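Novice: Got a structure for you, written out below as structure tokens; questions coming shortly.
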Amino acid sequence: MRPTRRCTRWSTRPATAPSGCPSPCPPSAVWRPPAPDTHPVPWEDTPVTARPPSDQTPPDQPPPHPSAPLPPVPATFRPDAAHRAAAHGPGDGPMSRSSYTAPPTPRAPRPDPADPPTAGPPTADRPTADPPRAEATPRPEPTPCREAAPHSGGGVRAAAPLGDTDRERLLSGSHHDPHALLGAHPVRGGILFRALHPYARSVAVTATGLSARLRPEGDGLFSGVIPLREIPDYRLLVDYENGEDRGYGDRDGRHDPYRFLPALGELDLHLIGEGRHEELWRALGAHPMTHQGVAGTRFTVWAPDARGVRVAGDFNYWDGTAFPMRSLGGSGVWELFLPGVGEGAVYKFDITRPDGSHTQRADPMARRTECPPATASIVHTSHHEWRDEEWLARRAGQRVHESPFSVYEVHLPSWRPGLSYRRLAEQLPAYVKDLGFTHVELMPVAEHPFGGSWGYQVTGFYAPTARLGTPDDFKYLVDALHQAGIGVLVDWVPAHFPRDDWALAEFDGRPLYEPADPARAAHPDWGTLEFDYGRTEVRNFLVANAVYWCEEFHVDGLRVDAVASMLYLDYSREPGQWTPNVHGGRENLDAVAFLQEMNATVYRRCPGVLTIAEESTAWDGVTRATHHIGASGFGGLGFGLKWNMGWMHDSLGYIGHEPVHRKYHHHEMTFSMVYAYSENYVLPISHDEVVHGKRSLVSKMPGDWWQQRADHRAYLGFMWAHPGKQLLFMGQEFAQGAEWSESHGPDWWLLDPSYAAEPDHRGVRDLVRELNRAYRATPALWQRDTVPEGFAWVEGDAREDNVFAFLRFAADGSPLLAISNFSPVVRPDYRVGVPDRFPLWCEVLNTDDARYGGSGVANPEPLKAEPTASHGRPASILPVLPPLATVWLRPA
């Protein structure tokens with residue numbers, strides 16, 4: 001017998017069940033024979049019931065041809081707010097998470113003049129006119145339930161099962177395109193829905209006028225074919241044994257992640273493949289966004305050797321089975337948009353290695369992390385509103401090499417132990433501004449698992465350490481420093497990374513960020529891994545990271561750590577432990593290209609930003625422009641400044657000798673001027689010089705406590721007058737006697753007025769404040785800092801006296817005379833040659849001043865220049881030189 005064809009109107013008519021059907025079909029669902037090439041499948045015991053939507057086919061529309069596809073079949077009745085209110089009143093009723101699924105109860109049939117005529121000729125089983133429509137009055141119910149109630153009949157057909165290979169790959173997390181298997185897809189006879197929800201009791205598809213429970217396939221897979229013409233705007237209702245929602249849905253269901261198009265554009269993928277995505281942090285990582293009108297988070301990760309990648313987090317009980325990502329072509333990028341996941345979600349990537357094993361990894365591009373020792377990544381959106389526009393405008397027009405530049409180096413976690421970024425913002429700017437420093441340099445703030453590394457073994461290159469607060473808290477600190485007129489430099493570590501098995505090491509199961517050759521990858525000094533600078537994506541990761549800190553956190557400069565270890569293939573390696581480059585040399589050509597690209601990109605994109613190299617060798621052209629070829633055949637590396645490690649080593653060696661022996665090391669204080677203008681230098685007294693048995697700066701000095709402090713002050717006076725910028729590590733500004741320890745920081749108690757020796761330490765700090773004040777006020781000390789015309793020796797050979805004297809010149813020729821006496825004796829009327837065009841010279845700074853804890857020997861009155869030639873100059877003066885002191889004089 002031919003079955004009765006469904007009418008296009010929302011009328012119902014009785015139908016006779018086909019042979020083998022257990023019961024007559026309900027009025028709202030009519031049986032349809034299977035297609036010739038399919039096998040009859042018993043109907044799901046969950047019905048697809050109908051109610052007339054407002055946009056139903058008008059009465060005068062002709063019905064479709066019998067061979068046309070069935071019209072969309074609406075689903076379980078979903079009452080509106082009025083029905084719910086009538087049934088249960090406002091709010092959730094006792095059945096607020098259930099939905100009425102029984103078919104409408106037919107009333108007495110009555111003619112319906114609006115019913116359209118039936119198409120086709122009349123037959124015995126199809127009357128000329130439609131029978132009267134049974135009017136249904138649905139029972140009002142509250143919001144839909146998580147599963148449709150069982151009912152005989154229905155409209156969900158079983159889907160063709162997945163192939164064994166696809167099923168195994170999907171469930172094991174090694175499928176490259178889960179979106180092709182999951183989600184909604186048009187098939188013959190309707191729309192195939194398939195969802196993967198392990199541990200779920202049932203999964204139902206819900207949309208306007210639709211609620212249909214999918215068939216379980218085992219292993220957490222649910223599927224079914226619903227006779228719809230097109231994919232609706234649907235959600236999934238997932239029910240678990242305990243009624244708990246193991247996901248990111250709400251009571252009305254969850255959006256299916258596998259119904260969305262890729263949220264990453266073709267241009268992003270092209271730039272990633274080329275290694276030229278300068279804003280890589282906007283393309284990779286976790287980004288809250290609205291995609292196709294739905295709020296959620298886009299997860300993307302670069303893992304080209306992975307067989308599959310899944311997202312695991314606190315939103316899915318750290319079981320990524322239900323959240324496999326798709327591979328975006330040959331880019332090596334995996335992507336998944338998870339609706340409903342937002343800011344604050346904690347996650348990792350579950351990566352299937354080439355050998356089929358799994359590893360959970362933190363996001364290399366995470367912009368926020370858990371606080372160590374926890375290692376997961378956190379979805380983050382910045383809400384900080386910057387207030388440093390004036391600072392940035394001034395910075396863009398500043399010529400750093402011709403400006404005052406004195407740096408206070410800080411280890412944030414130990415400067416004031418226990419303070420967060422925001423609490424530091426209340427104290428650090430005021431302290432640094434009071435001392436007169438122009439900049440602070442922060443030891444690495446990027447996330448690192450081991451605090452004892454001081455931040456130099458980074459795992460979260462795009463995230464400030466969570467030990468002190470959130471990324472927005474760190475922005476608040478930078479903003480506060482800028483508003484106080486203080487620049488911010490950050491130590492940046494692109495030379496190596498640790499081997500932690502949840503971070504970058506063999507990220508996708510094979511060497512990815514590190515070279516494939518284990519001997520080449522292993523850093524011999526620190527037990528870490530070096531980056532593969534020859535791989536375009538890795539180089540892009542680092543270049544974009546440098547830009548990221550400058551643009552997102554408004555930092556004013558990057559001090560690049562361990563540059564020498566990057567430049568040389570044989571760095572800390574014995575013969576036979578390294579492979580020469582293509583030219584047979586020991587230069588790491590890939591690292592050279594990376595540093596040049598990084599510097600060029602940062603300077604192009606970030607006006608006024610400065611890069612500084614910690615480079616301890618004689619590499620030619622560290623601070624030369626990248627397009628200027630030097631004698632070595634290489635272009636410059638492009639840094640703005642370079643740490644003068646030679647000056648630091650030589651000068652500390654000299655000052656560490658007893659005064660009686662210093663004459664034998666006199667050249668150690670003068671040799672730096674042989675190469676002073678080969679690069680643009682910073683004179684660093686950094687953290688590296690006051691730890692691991694090297695002693696603090698004042699403790700390096702010989703003699704008793706008075707002599708140690710006097711040498712300390714004289715050395716600082718010499719340093720501030722020497723060509724180059726200055727850097728001083730925290731604690732050395734008040735002559736802390738103990739080495740620095742990251743566990744407790746500077747010994748601030750030395751400045752407690754109740755401490756007997758407090759004046760000694762406070763005096764040294766007062767000197768540092770005066771050094772910075774006089775330095776800023778004297779253009780001769782910084783205006784021609786990088787050219788030979790800004791310096792001239794007056795006395796560089798007085799080794800028997802331990803005396804050094806030199807002139808510094810400003811752009812207009814105005815001089816400053818600096819004289820250092822590193823002997824513990826007073827030298828009265830010590831003749832020093834000066835330019836003859838200045839008749840009077842006055843003392844502007846004396847490190848032996850009693851205010852700083854000195855003996856008070858000084859030149860209180862102006863010194864008259866005499867027409868007596870000395871030191872090759874036609875005039876001279878006769879100052880008194882205090883013991884173990886430096887004095888500055890300038891024309892009156």
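Identifiers for the structure tokens are assigned positionally: chains receive A, B, ... in sequence, residues are indexed from 1 per chain, and ligands are indexed from 1 in the order shown.
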Would you return as a PyMOL selection string the members of range 659-838 of chain A that DSSP assigns to strand (DSSP E or B) on this structure's backbone?
Specialist: chain A and resi 681-685+725-729+791-798+803-809+815-821+827+832-834
Novice: So that I can see what lies close to Leu214 in chain A, please list as a VMD selection string the residues with an atom at most 8 Å from it, counting only C-alpha atoms and leaving out residues fewer than 3 positions away in the same chain.
Specialist: chain A and resid 156 193 to 194 202 to 205 222 to 224
Novice: So which residues touch Ala503 in chain A within 12 Å, counting only C-alpha atoms, skipping near sequence neighbours fewer than 5 positions away, as a VMD selection string?
Specialist: chain A and resid 348 to 349 351 359 to 366 369 375 to 377 447 to 449 457 to 461 497 to 498 508 to 509 512 to 513 529
Novice: Measuring between only C-alpha atoms, which one of A:Pro515, A:Pro372, A:Pro288, A:Pro882 shows the shortest distance to Phe337 in chain A?
Specialist: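 When distances to Phe337 in chain A are compared using only C-alpha atoms, the smallest one comes from A:Pro288.
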Novice: Tell me, as a tab-separated table (two decimals) with N, CA and C atoms, in the first residue's frame, which residues lie within 7 Å of range 180-189 of chain A, counting only C-alpha atoms; anything in the same chain fewer than 2 positions away does not count.
Specialist:
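Result file follows (result00.tsv):
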chain	number	residue	atom	x	y	z
A	69	PRO	N	12.24	16.31	-2.06
A	69	PRO	CA	12.60	15.97	-0.67
A	69	PRO	C	11.52	16.42	0.29
A	177	ASP	N	40.95	16.12	10.44
A	177	ASP	CA	39.79	16.93	10.09
A	177	ASP	C	38.55	16.42	10.80
A	178	PRO	N	38.44	16.60	12.10
A	178	PRO	CA	37.26	16.12	12.82
A	178	PRO	C	35.98	16.82	12.40
A	191	ILE	N	19.60	15.90	7.12
A	191	ILE	CA	20.84	16.42	7.69
A	191	ILE	C	21.37	15.40	8.69
A	192	LEU	N	22.62	15.01	8.50
A	192	LEU	CA	23.28	14.10	9.43
A	192	LEU	C	23.94	14.91	10.54
A	193	PHE	N	23.58	14.56	11.77
A	193	PHE	CA	24.20	15.17	12.94
A	193	PHE	C	25.03	14.11	13.65
A	194	ARG	N	26.25	14.49	14.02
A	194	ARG	CA	27.08	13.57	14.80
A	194	ARG	C	27.83	14.39	15.84
A	195	ALA	N	27.85	13.88	17.06
A	195	ALA	CA	28.52	14.57	18.16
A	195	ALA	C	29.34	13.56	18.95
A	227	PRO	N	15.23	14.53	8.90
A	227	PRO	CA	14.75	14.96	7.57
A	227	PRO	C	14.53	16.46	7.51
A	231	ILE	N	20.69	22.96	7.16
A	231	ILE	CA	21.20	22.90	8.53
A	231	ILE	C	20.62	24.07	9.32
A	256	ASP	N	27.40	23.73	18.93
A	256	ASP	CA	28.29	22.66	18.50
A	256	ASP	C	29.56	23.26	17.90
A	258	TYR	N	31.61	22.08	16.05
A	258	TYR	CA	31.92	21.55	14.72
A	258	TYR	C	30.93	22.01	13.65
A	259	ARG	N	30.17	23.06	13.97
A	259	ARG	CA	29.33	23.69	12.96
A	259	ARG	C	29.92	24.99	12.45
